[in-house]
file my_file14.pdb (PDB, C-alpha atoms)
MODEL        1
ATOM      1  CA  MET A   1      -1.639  -1.694 -35.725
ATOM      2  CA  SER A   2       1.330  -1.170 -33.425
ATOM      3  CA  VAL A   3       1.194  -1.798 -29.692
ATOM      4  CA  GLY A   4       1.810   1.877 -29.001
ATOM      5  CA  LEU A   5      -1.059   3.037 -31.176
ATOM      6  CA  ALA A   6      -3.404   0.397 -29.762
ATOM      7  CA  ILE A   7      -2.605   1.520 -26.225
ATOM      8  CA  ARG A   8      -3.253   5.154 -27.148
ATOM      9  CA  GLU A   9      -6.621   4.341 -28.691
ATOM     10  CA  ALA A  10      -7.568   2.107 -25.757
ATOM     11  CA  ALA A  11      -6.671   4.832 -23.264
ATOM     12  CA  GLU A  12      -8.868   7.285 -25.157
ATOM     13  CA  ALA A  13     -11.738   4.792 -25.124
ATOM     14  CA  LEU A  14     -11.348   4.286 -21.376
ATOM     15  CA  GLU A  15     -11.433   8.001 -20.554
ATOM     16  CA  GLY A  16     -14.518   8.608 -18.457
ATOM     17  CA  LYS A  17     -14.652   4.923 -17.555
ATOM     18  CA  SER A  18     -11.466   4.855 -15.504
ATOM     19  CA  ASP A  19      -9.404   7.393 -13.565
ATOM     20  CA  THR A  20      -6.288   5.525 -14.701
ATOM     21  CA  ALA A  21      -7.132   4.989 -18.348
ATOM     22  CA  ARG A  22      -3.581   5.006 -19.753
ATOM     23  CA  LEU A  23      -2.233   2.803 -16.982
ATOM     24  CA  ASP A  24      -5.093   0.346 -17.452
ATOM     25  CA  ALA A  25      -4.416   0.145 -21.180
ATOM     26  CA  GLU A  26      -0.724  -0.502 -20.586
ATOM     27  CA  LEU A  27      -1.284  -3.137 -17.901
ATOM     28  CA  LEU A  28      -3.754  -5.033 -20.051
ATOM     29  CA  MET A  29      -1.377  -4.988 -23.006
ATOM     30  CA  ALA A  30       1.516  -6.178 -20.848
ATOM     31  CA  HIS A  31      -0.679  -9.000 -19.572
ATOM     32  CA  LEU A  32      -1.643 -10.002 -23.104
ATOM     33  CA  LEU A  33       2.012 -10.055 -24.212
ATOM     34  CA  GLY A  34       3.202 -11.816 -21.051
ATOM     35  CA  VAL A  35       5.726  -9.111 -20.173
ATOM     36  CA  THR A  36       6.133  -6.564 -17.409
ATOM     37  CA  ARG A  37       4.822  -3.047 -17.917
ATOM     38  CA  SER A  38       8.350  -1.629 -17.907
ATOM     39  CA  ASP A  39       9.445  -4.190 -20.508
ATOM     40  CA  LEU A  40       6.398  -3.317 -22.579
ATOM     41  CA  LEU A  41       7.236   0.384 -22.577
ATOM     42  CA  MET A  42      10.921  -0.139 -23.350
ATOM     43  CA  ARG A  43      10.842  -2.965 -25.889
ATOM     44  CA  HIS A  44       7.413  -3.691 -27.359
ATOM     45  CA  MET A  45       5.714  -0.437 -28.313
ATOM     46  CA  GLY A  46       6.502  -0.991 -32.004
ATOM     47  CA  ASP A  47       5.304  -4.600 -32.094
ATOM     48  CA  GLU A  48       2.132  -5.692 -33.821
ATOM     49  CA  VAL A  49      -0.890  -5.997 -31.546
ATOM     50  CA  SER A  50      -1.752  -9.532 -30.515
ATOM     51  CA  GLU A  51      -5.284 -10.807 -30.985
ATOM     52  CA  GLY A  52      -7.499 -10.436 -27.938
ATOM     53  CA  TYR A  53      -6.566  -6.926 -26.775
ATOM     54  CA  ALA A  54      -9.926  -5.466 -27.794
ATOM     55  CA  ARG A  55     -11.724  -8.055 -25.646
ATOM     56  CA  LEU A  56      -9.657  -7.108 -22.607
ATOM     57  CA  ILE A  57     -10.388  -3.423 -23.128
ATOM     58  CA  MET A  58     -14.098  -4.151 -23.517
ATOM     59  CA  ARG A  59     -14.115  -5.979 -20.182
ATOM     60  CA  ARG A  60     -12.500  -2.945 -18.558
ATOM     61  CA  MET A  61     -15.000  -0.596 -20.224
ATOM     62  CA  ARG A  62     -17.797  -2.648 -18.641
ATOM     63  CA  GLY A  63     -16.291  -1.873 -15.236
ATOM     64  CA  GLU A  64     -14.400  -5.073 -14.474
ATOM     65  CA  PRO A  65     -11.310  -4.204 -12.392
ATOM     66  CA  VAL A  66      -7.940  -4.623 -14.079
ATOM     67  CA  ALA A  67      -6.734  -6.859 -11.245
ATOM     68  CA  TYR A  68      -9.508  -9.374 -11.911
ATOM     69  CA  ILE A  69      -8.905  -9.288 -15.666
ATOM     70  CA  ILE A  70      -5.180 -10.007 -15.362
ATOM     71  CA  GLY A  71      -5.587 -12.088 -12.194
ATOM     72  CA  THR A  72      -2.909 -10.391 -10.092
ATOM     73  CA  GLN A  73      -2.333  -7.339  -7.911
ATOM     74  CA  ASP A  74       0.901  -5.987  -6.472
ATOM     75  CA  PHE A  75       0.923  -5.297  -2.742
ATOM     76  CA  TYR A  76       3.852  -4.311  -0.525
ATOM     77  CA  GLY A  77       6.360  -5.503  -3.110
ATOM     78  CA  HIS A  78       4.662  -8.859  -3.728
ATOM     79  CA  THR A  79       2.541  -9.995  -6.671
ATOM     80  CA  LEU A  80      -0.608 -11.721  -5.448
ATOM     81  CA  ARG A  81      -3.187 -13.748  -7.312
ATOM     82  CA  VAL A  82      -6.668 -12.267  -6.963
ATOM     83  CA  THR A  83     -10.090 -13.471  -8.069
ATOM     84  CA  PRO A  84     -13.616 -12.079  -7.596
ATOM     85  CA  ASP A  85     -13.732 -14.158  -4.389
ATOM     86  CA  VAL A  86     -11.418 -11.678  -2.646
ATOM     87  CA  LEU A  87     -11.079  -7.944  -2.311
ATOM     88  CA  ILE A  88      -8.371  -6.376  -4.428
ATOM     89  CA  PRO A  89      -5.561  -5.289  -2.059
ATOM     90  CA  ARG A  90      -5.174  -1.502  -1.988
ATOM     91  CA  GLY A  91      -2.014   0.489  -1.494
ATOM     92  CA  ASP A  92      -3.678   2.293   1.432
ATOM     93  CA  SER A  93      -3.664  -0.990   3.360
ATOM     94  CA  GLU A  94       0.133  -1.060   3.248
ATOM     95  CA  ALA A  95      -0.073   1.429   6.131
ATOM     96  CA  LEU A  96      -1.323  -1.430   8.296
ATOM     97  CA  VAL A  97       1.674  -3.599   7.370
ATOM     98  CA  VAL A  98       4.111  -0.795   8.213
ATOM     99  CA  ALA A  99       2.398  -0.103  11.537
ATOM    100  CA  ALA A 100       2.258  -3.808  12.438
ATOM    101  CA  LEU A 101       5.947  -4.376  11.765
ATOM    102  CA  ALA A 102       6.825  -1.337  13.855
ATOM    103  CA  ALA A 103       4.528  -2.382  16.699
ATOM    104  CA  ARG A 104       5.849  -5.941  17.095
ATOM    105  CA  PRO A 105       9.055  -6.535  15.117
ATOM    106  CA  ASP A 106       9.664  -9.499  17.427
ATOM    107  CA  ALA A 107       6.311 -11.196  16.772
ATOM    108  CA  ARG A 108       6.354 -14.983  16.570
ATOM    109  CA  ARG A 109       2.629 -15.692  16.075
ATOM    110  CA  VAL A 110       0.480 -13.572  13.769
ATOM    111  CA  LEU A 111      -3.281 -13.794  13.181
ATOM    112  CA  ASP A 112      -5.024 -12.245  10.184
ATOM    113  CA  CYS A 113      -8.782 -11.863  10.610
ATOM    114  CA  GLY A 114     -10.548 -11.872   7.255
ATOM    115  CA  THR A 115      -7.422 -12.751   5.303
ATOM    116  CA  GLY A 116      -8.967 -12.630   1.805
ATOM    117  CA  SER A 117      -6.054 -12.876  -0.632
ATOM    118  CA  GLY A 118      -3.658 -13.167   2.304
ATOM    119  CA  ALA A 119      -2.136  -9.784   1.451
ATOM    120  CA  LEU A 120      -1.656  -8.450   4.991
ATOM    121  CA  LEU A 121      -0.538 -11.701   6.586
ATOM    122  CA  LEU A 122       1.901 -12.664   3.845
ATOM    123  CA  ALA A 123       3.430  -9.176   3.676
ATOM    124  CA  VAL A 124       4.072  -9.199   7.420
ATOM    125  CA  LEU A 125       5.432 -12.758   7.479
ATOM    126  CA  ALA A 126       7.781 -11.999   4.596
ATOM    127  CA  ASP A 127       9.428  -9.355   6.809
ATOM    128  CA  LEU A 128       9.336 -11.519   9.967
ATOM    129  CA  PRO A 129      11.258 -14.665   8.965
ATOM    130  CA  GLY A 130      10.957 -16.176  12.456
ATOM    131  CA  ALA A 131       7.181 -15.835  12.655
ATOM    132  CA  GLU A 132       4.302 -18.158  11.858
ATOM    133  CA  GLY A 133       0.834 -17.039  10.865
ATOM    134  CA  VAL A 134      -2.803 -18.040  10.876
ATOM    135  CA  GLY A 135      -5.239 -16.606   8.361
ATOM    136  CA  ILE A 136      -8.967 -16.951   8.951
ATOM    137  CA  ASP A 137     -11.816 -16.251   6.577
ATOM    138  CA  SER A 138     -15.464 -17.252   6.325
ATOM    139  CA  SER A 139     -15.069 -17.917   2.587
ATOM    140  CA  PRO A 140     -13.535 -21.238   1.482
ATOM    141  CA  ALA A 141     -12.863 -19.738  -1.955
ATOM    142  CA  ALA A 142     -10.940 -16.835  -0.407
ATOM    143  CA  LEU A 143      -8.885 -19.216   1.709
ATOM    144  CA  ALA A 144      -7.944 -21.149  -1.425
ATOM    145  CA  VAL A 145      -6.649 -17.932  -3.001
ATOM    146  CA  ALA A 146      -4.694 -17.051   0.146
ATOM    147  CA  GLN A 147      -3.192 -20.541   0.350
ATOM    148  CA  GLY A 148      -2.111 -20.333  -3.272
ATOM    149  CA  ASN A 149      -0.438 -16.971  -2.642
ATOM    150  CA  ALA A 150       1.376 -18.389   0.383
ATOM    151  CA  GLU A 151       2.724 -21.201  -1.766
ATOM    152  CA  THR A 152       3.795 -18.845  -4.551
ATOM    153  CA  LEU A 153       5.678 -16.625  -2.084
ATOM    154  CA  GLY A 154       7.357 -19.580  -0.406
ATOM    155  CA  LEU A 155       5.542 -18.989   2.881
ATOM    156  CA  ALA A 156       3.196 -21.997   2.956
ATOM    157  CA  GLY A 157       5.335 -23.750   5.558
ATOM    158  CA  ARG A 158       4.740 -20.910   8.013
ATOM    159  CA  VAL A 159       1.032 -20.314   7.340
ATOM    160  CA  THR A 160      -2.170 -22.080   8.349
ATOM    161  CA  MET A 161      -5.435 -21.056   6.682
ATOM    162  CA  ILE A 162      -8.584 -21.770   8.714
ATOM    163  CA  LEU A 163     -12.263 -21.456   7.861
ATOM    164  CA  ALA A 164     -13.754 -19.350  10.660
ATOM    165  CA  ASP A 165     -16.351 -16.626  11.175
ATOM    166  CA  TRP A 166     -16.017 -14.227  14.123
ATOM    167  CA  HIS A 167     -19.814 -13.917  14.214
ATOM    168  CA  GLN A 168     -20.103 -17.568  15.250
ATOM    169  CA  PRO A 169     -19.728 -18.681  18.906
ATOM    170  CA  GLY A 170     -16.506 -20.533  19.634
ATOM    171  CA  TRP A 171     -14.774 -19.549  16.401
ATOM    172  CA  ALA A 172     -11.511 -18.733  18.197
ATOM    173  CA  GLU A 173     -11.434 -21.470  20.833
ATOM    174  CA  GLU A 174      -8.668 -23.494  19.160
ATOM    175  CA  LEU A 175      -6.570 -20.604  17.882
ATOM    176  CA  GLY A 176      -4.573 -19.756  21.012
ATOM    177  CA  GLN A 177      -2.982 -16.345  21.491
ATOM    178  CA  PHE A 178      -0.919 -14.128  19.238
ATOM    179  CA  ASP A 179       1.756 -11.451  19.451
ATOM    180  CA  LEU A 180       0.221  -9.617  16.528
ATOM    181  CA  ILE A 181      -3.291  -9.508  15.096
ATOM    182  CA  LEU A 182      -4.129  -7.975  11.721
ATOM    183  CA  ALA A 183      -7.651  -7.209  10.551
ATOM    184  CA  ASN A 184      -9.230  -5.486   7.591
ATOM    185  CA  PRO A 185     -12.896  -6.277   8.282
ATOM    186  CA  PRO A 186     -15.845  -5.102   6.199
ATOM    187  CA  TYR A 187     -16.431  -1.440   7.057
ATOM    188  CA  VAL A 188     -18.444   0.158   4.251
ATOM    189  CA  GLU A 189     -21.906   1.540   5.036
ATOM    190  CA  GLU A 190     -24.690  -0.383   3.322
ATOM    191  CA  ALA A 191     -25.972   2.722   1.535
ATOM    192  CA  ALA A 192     -22.550   4.035   0.526
ATOM    193  CA  GLU A 193     -22.089   5.128  -3.067
ATOM    194  CA  LEU A 194     -19.234   3.111  -4.531
ATOM    195  CA  ASP A 195     -17.571   3.076  -7.904
ATOM    196  CA  ALA A 196     -19.291   0.530 -10.122
ATOM    197  CA  SER A 197     -16.067  -1.449 -10.500
ATOM    198  CA  VAL A 198     -16.148  -2.048  -6.747
ATOM    199  CA  ARG A 199     -19.892  -2.370  -6.168
ATOM    200  CA  ASP A 200     -20.550  -4.699  -9.095
ATOM    201  CA  HIS A 201     -17.443  -6.866  -8.982
ATOM    202  CA  GLU A 202     -15.846  -7.132  -5.525
ATOM    203  CA  PRO A 203     -17.409  -9.434  -2.882
ATOM    204  CA  ALA A 204     -20.132  -7.620  -0.941
ATOM    205  CA  SER A 205     -19.535  -9.781   2.130
ATOM    206  CA  ALA A 206     -16.034  -8.319   2.425
ATOM    207  CA  LEU A 207     -17.205  -4.734   1.906
ATOM    208  CA  PHE A 208     -20.435  -3.951   3.732
ATOM    209  CA  SER A 209     -21.043  -3.943   7.477
ATOM    210  CA  GLY A 210     -24.391  -2.508   8.439
ATOM    211  CA  PRO A 211     -25.867   0.984   8.131
ATOM    212  CA  GLU A 212     -22.848   2.672   9.753
ATOM    213  CA  GLY A 213     -20.167   0.299   8.560
ATOM    214  CA  LEU A 214     -19.481  -0.646  12.190
ATOM    215  CA  ASP A 215     -21.237  -3.991  12.672
ATOM    216  CA  ASP A 216     -18.111  -6.130  12.258
ATOM    217  CA  TYR A 217     -16.048  -3.898  14.549
ATOM    218  CA  ARG A 218     -18.696  -4.280  17.243
ATOM    219  CA  VAL A 219     -18.383  -8.052  17.017
ATOM    220  CA  LEU A 220     -14.653  -8.512  16.388
ATOM    221  CA  VAL A 221     -12.910  -5.820  18.446
ATOM    222  CA  PRO A 222     -14.244  -6.935  21.868
ATOM    223  CA  GLN A 223     -12.877 -10.427  21.132
ATOM    224  CA  LEU A 224      -9.323  -9.275  20.396
ATOM    225  CA  SER A 225      -8.190  -9.036  24.026
ATOM    226  CA  GLY A 226      -8.593 -12.756  24.545
ATOM    227  CA  LEU A 227      -6.504 -13.481  21.458
ATOM    228  CA  LEU A 228      -3.541 -11.285  22.415
ATOM    229  CA  VAL A 229      -0.591 -12.316  24.551
ATOM    230  CA  PRO A 230       0.465  -9.757  27.195
ATOM    231  CA  GLY A 231       2.138  -6.949  25.279
ATOM    232  CA  GLY A 232       0.562  -8.031  22.012
ATOM    233  CA  ALA A 233      -0.932  -5.592  19.525
ATOM    234  CA  ALA A 234      -3.895  -5.673  17.155
ATOM    235  CA  LEU A 235      -3.802  -3.528  14.008
ATOM    236  CA  VAL A 236      -7.230  -2.851  12.484
ATOM    237  CA  GLU A 237      -7.943  -0.974   9.270
ATOM    238  CA  ILE A 238     -10.711   1.641   9.392
ATOM    239  CA  GLY A 239     -12.575   3.983   7.098
ATOM    240  CA  TYR A 240     -11.311   7.564   7.224
ATOM    241  CA  GLN A 241     -14.282   8.719   9.353
ATOM    242  CA  GLN A 242     -14.316   5.750  11.728
ATOM    243  CA  ALA A 243     -11.436   6.447  14.126
ATOM    244  CA  GLU A 244     -13.661   7.812  16.897
ATOM    245  CA  PRO A 245     -16.470   5.234  16.827
ATOM    246  CA  VAL A 246     -14.099   2.268  16.474
ATOM    247  CA  GLY A 247     -11.862   3.748  19.159
ATOM    248  CA  THR A 248     -14.859   3.943  21.467
ATOM    249  CA  ILE A 249     -15.598   0.269  20.828
ATOM    250  CA  ALA A 250     -11.971  -0.580  21.654
ATOM    251  CA  GLN A 251     -12.001   1.506  24.832
ATOM    252  CA  ALA A 252     -15.106  -0.284  26.053
ATOM    253  CA  ALA A 253     -13.217  -3.557  25.512
ATOM    254  CA  GLY A 254     -10.260  -2.400  27.641
ATOM    255  CA  LEU A 255      -7.960  -1.540  24.755
ATOM    256  CA  SER A 256      -6.035   1.659  24.153
ATOM    257  CA  VAL A 257      -5.714   3.011  20.650
ATOM    258  CA  THR A 258      -3.056   4.744  18.580
ATOM    259  CA  LEU A 259      -4.105   6.158  15.250
ATOM    260  CA  HIS A 260      -1.931   5.681  12.161
ATOM    261  CA  ARG A 261      -2.445   7.516   8.897
ATOM    262  CA  ASP A 262      -1.833   6.415   5.326
ATOM    263  CA  LEU A 263       0.471   8.174   2.866
ATOM    264  CA  ALA A 264      -2.328  10.597   1.945
ATOM    265  CA  GLY A 265      -2.624  11.630   5.602
ATOM    266  CA  ARG A 266      -6.005   9.981   6.130
ATOM    267  CA  PRO A 267      -6.859   7.968   9.244
ATOM    268  CA  ARG A 268      -6.292   4.372   8.210
ATOM    269  CA  VAL A 269      -5.228   2.055  11.053
ATOM    270  CA  LEU A 270      -5.961   1.729  14.759
ATOM    271  CA  GLU A 271      -3.289  -0.001  16.829
ATOM    272  CA  MET A 272      -4.922  -1.606  19.883
ATOM    273  CA  VAL A 273      -3.202  -2.823  23.041
ATOM    274  CA  HIS A 274      -4.270  -3.581  26.603
ATOM    275  CA  CYS A 275      -4.382  -0.321  28.562
ATOM    276  CA  GLU A 276      -6.561   1.830  30.817
ATOM    277  CA  THR A 277      -6.770   4.916  28.609
ATOM    278  CA  ILE A 278      -7.368   5.759  25.002
ATOM    279  CA  SER A 279      -5.558   8.370  22.908
ATOM    280  CA  LEU A 280      -6.592   9.401  19.441
ATOM    281  CA  GLY A 281      -5.187  12.907  19.577
ATOM    282  CA  ASN A 282      -1.544  12.168  18.832
ATOM    283  CA  ALA A 283      -1.835  10.371  15.553
ATOM    284  CA  GLY A 284       1.222   8.366  14.611
ATOM    285  CA  ALA A 285       2.394   8.137  11.013
ATOM    286  CA  ALA A 286       1.954   4.663   9.624
ATOM    287  CA  ALA A 287       4.158   5.226   6.645
TER
ENDMDL
END
call {"tool": "encode", "arguments": {"input": "my_file14.pdb", "output": "structure tokens"}}
result
Amino acid sequence: MSVGLAIREAAEALEGKSDTARLDAELLMAHLLGVTRSDLLMRHMGDEVSEGYARLIMRRMRGEPVAYIIGTQDFYGHTLRVTPDVLIPRGDSEALVVAALAARPDARRVLDCGTGSGALLLAVLADLPGAEGVGIDSSPAALAVAQGNAETLGLAGRVTMILADWHQPGWAEELGQFDLILANPPYVEEAAELDASVRDHEPASALFSGPEGLDDYRVLVPQLSGLLVPGGAALVEIGYQQAEPVGTIAQAAGLSVTLHRDLAGRPRVLEMVHCETISLGNAGAAA
């Protein structure tokens, strides 16, 4: 069977299991052949199918995310290693990177709270060649993934990965202050209905945050002021219905808020700085 025919049959089998059935089939074939997707489409569609493709498709049909099957995910122009120990970076989160770089293009110290794969921190540092970064996470396995990605991208010399949990007293005592803070904390409601590929495969500790999805914001956001230098900014990802409640938490902590939207126009990022007032009405575009 040719590669092209195998991809077509796999895409048909994945219909109803995936919203991106054809893309999934192509990415898994490219992974099996050790080529890029574009190279696959241009040069390999007439090749004979390599052994093992059916097993990859079966894993996808059982709900396993493509990123975990192939072990990588592209984010903000970088290819990152991902494992089931970390959330898969989403394109929507690139809005936070864009907003962060616009907020403090002169940043010299950057903190990433809940770094996971390191996606946010490494994307920002790649565009700020004079900056150094600290990534914290409560998962040693996640930190190992982030450290590996830093090494692959040539950023290990400017990054320190630290095991820390913002729920624990004294977690930030030795960190110092930062020009820029990034955070994509857990923000999914415990009872939320999620796609099985997310619910059954991605780490629950990085997804869920209490009945309203706000528990981690209530703990982390009030601690941000003490971690920011004067004029510093914290960029925090939110769920699309969480701008008001998270903004209220920030206001109570003495922070003002600017809302940034993702490319789909949904509320995605709150930019927090020291100020007396809060403004959510004039939403800035994050991308």
call {"tool": "atom_distance", "arguments": {"input": "my_file14.pdb", "atom1": "atom CA of Leu40 of chain A", "atom2": "atom CA of Ser117 of chain A"}}
result
27.0 Å
call {"tool": "residues_around", "arguments": {"input": "my_file14.pdb", "residues": "Val97 of chain A", "least_positions_apart": "6", "cutoff": "8 Å", "atoms": "only C-alpha atoms", "output": "PDB file with C-alpha atoms, in the frame of the given file"}}
result
ATOM      1  CA  LEU A 120      -1.656  -8.450   4.991  1.00  0.00           C
ATOM      2  CA  ALA A 123       3.430  -9.176   3.676  1.00  0.00           C
ATOM      3  CA  VAL A 124       4.072  -9.199   7.420  1.00  0.00           C
TER       4      VAL A 124
END
call {"tool": "resolve_selection", "arguments": {"input": "my_file14.pdb", "expression": "the PyMOL selection byres ((chain A and resi 182) around 10)", "output": "number ranges by chain"}}
result
A: 96-97, 100, 110-115, 120-121, 124, 135, 180-181, 183-185, 233-237, 271
call {"tool": "resolve_selection", "arguments": {"input": "my_file14.pdb", "expression": "the PyMOL selection byres ((chain A and resi 209) around 9)", "output": "list in words"}}
result
Pro185, Pro186, Tyr187, Val188, Glu189, Glu190, Ser205, Ala206, Leu207, Phe208, Gly210, Pro211, Glu212, Gly213, Leu214, Asp215, Asp216 and Tyr217 of chain A
call {"tool": "residues_around", "arguments": {"input": "my_file14.pdb", "residues": "Tyr53 of chain A", "least_positions_apart": "4", "cutoff": "12 Å", "atoms": "only C-alpha atoms", "output": "ChimeraX atom specification"}}
result
/A:1-3,6-7,9-10,24-33,48-49,57-60,69-70
call {"tool": "atom_distance", "arguments": {"input": "my_file14.pdb", "atom1": "atom CA of Gly231 of chain A", "atom2": "atom CA of Glu174 of chain A"}}
result
20.7 Å
call {"tool": "closest_residue", "arguments": {"input": "my_file14.pdb", "among": "A:Cys275, A:Leu227, A:Ala67, A:Ala103", "to": "Pro89 of chain A", "atoms": "only C-alpha atoms"}}
result
A:Ala67
call {"tool": "resolve_selection", "arguments": {"input": "my_file14.pdb", "expression": "the PyMOL selection byres ((chain A and resi 246) around 9)", "output": "JSON, numbers by chain"}}
result
{"A": [214, 217, 218, 221, 238, 242, 243, 244, 245, 247, 248, 249, 250, 251, 270]}
call {"tool": "residues_around", "arguments": {"input": "my_file14.pdb", "residues": "Pro203 of chain A", "least_positions_apart": "4", "cutoff": "7 Å", "atoms": "only C-alpha atoms", "output": "PyMOL selection string"}}
result
chain A and resi 84-87+207
call {"tool": "atom_distance", "arguments": {"input": "my_file14.pdb", "atom1": "atom CA of Gly34 of chain A", "atom2": "atom CA of Arg62 of chain A"}}
result
23.0 Å
call {"tool": "closest_residue", "arguments": {"input": "my_file14.pdb", "among": "A:Gly91, A:Pro230, A:Gly116, A:Pro169", "to": "Leu263 of chain A", "atoms": "only C-alpha atoms"}}
result
A:Gly91
call {"tool": "closest_residue", "arguments": {"input": "my_file14.pdb", "among": "A:Leu128, A:Ala192, A:Val82, A:Ala172", "to": "Gln147 of chain A", "atoms": "all atoms listed in the file"}}
result
A:Val82
call {"tool": "axis_aligned_box", "arguments": {"input": "my_file14.pdb", "around": "segment 49-53 of chain A", "padding_each_side": "3 Å", "output": "AutoDock Vina command-line options"}}
result
--center_x -4.2 --center_y -8.4 --center_z -29.2 --size_x 12.6 --size_y 10.8 --size_z 10.8
call {"tool": "residues_around", "arguments": {"input": "my_file14.pdb", "residues": "Asp19 of chain A", "least_positions_apart": "6", "cutoff": "12 Å", "atoms": "all atoms listed in the file", "output": "PyMOL selection string"}}
result
chain A and resi 11-12+25+60-61+63+65+195+197
call {"tool": "residues_around", "arguments": {"input": "my_file14.pdb", "residues": "Arg90 of chain A", "least_positions_apart": "6", "cutoff": "10 Å", "atoms": "all atoms listed in the file", "output": "PyMOL selection string"}}
result
chain A and resi 73-76+119
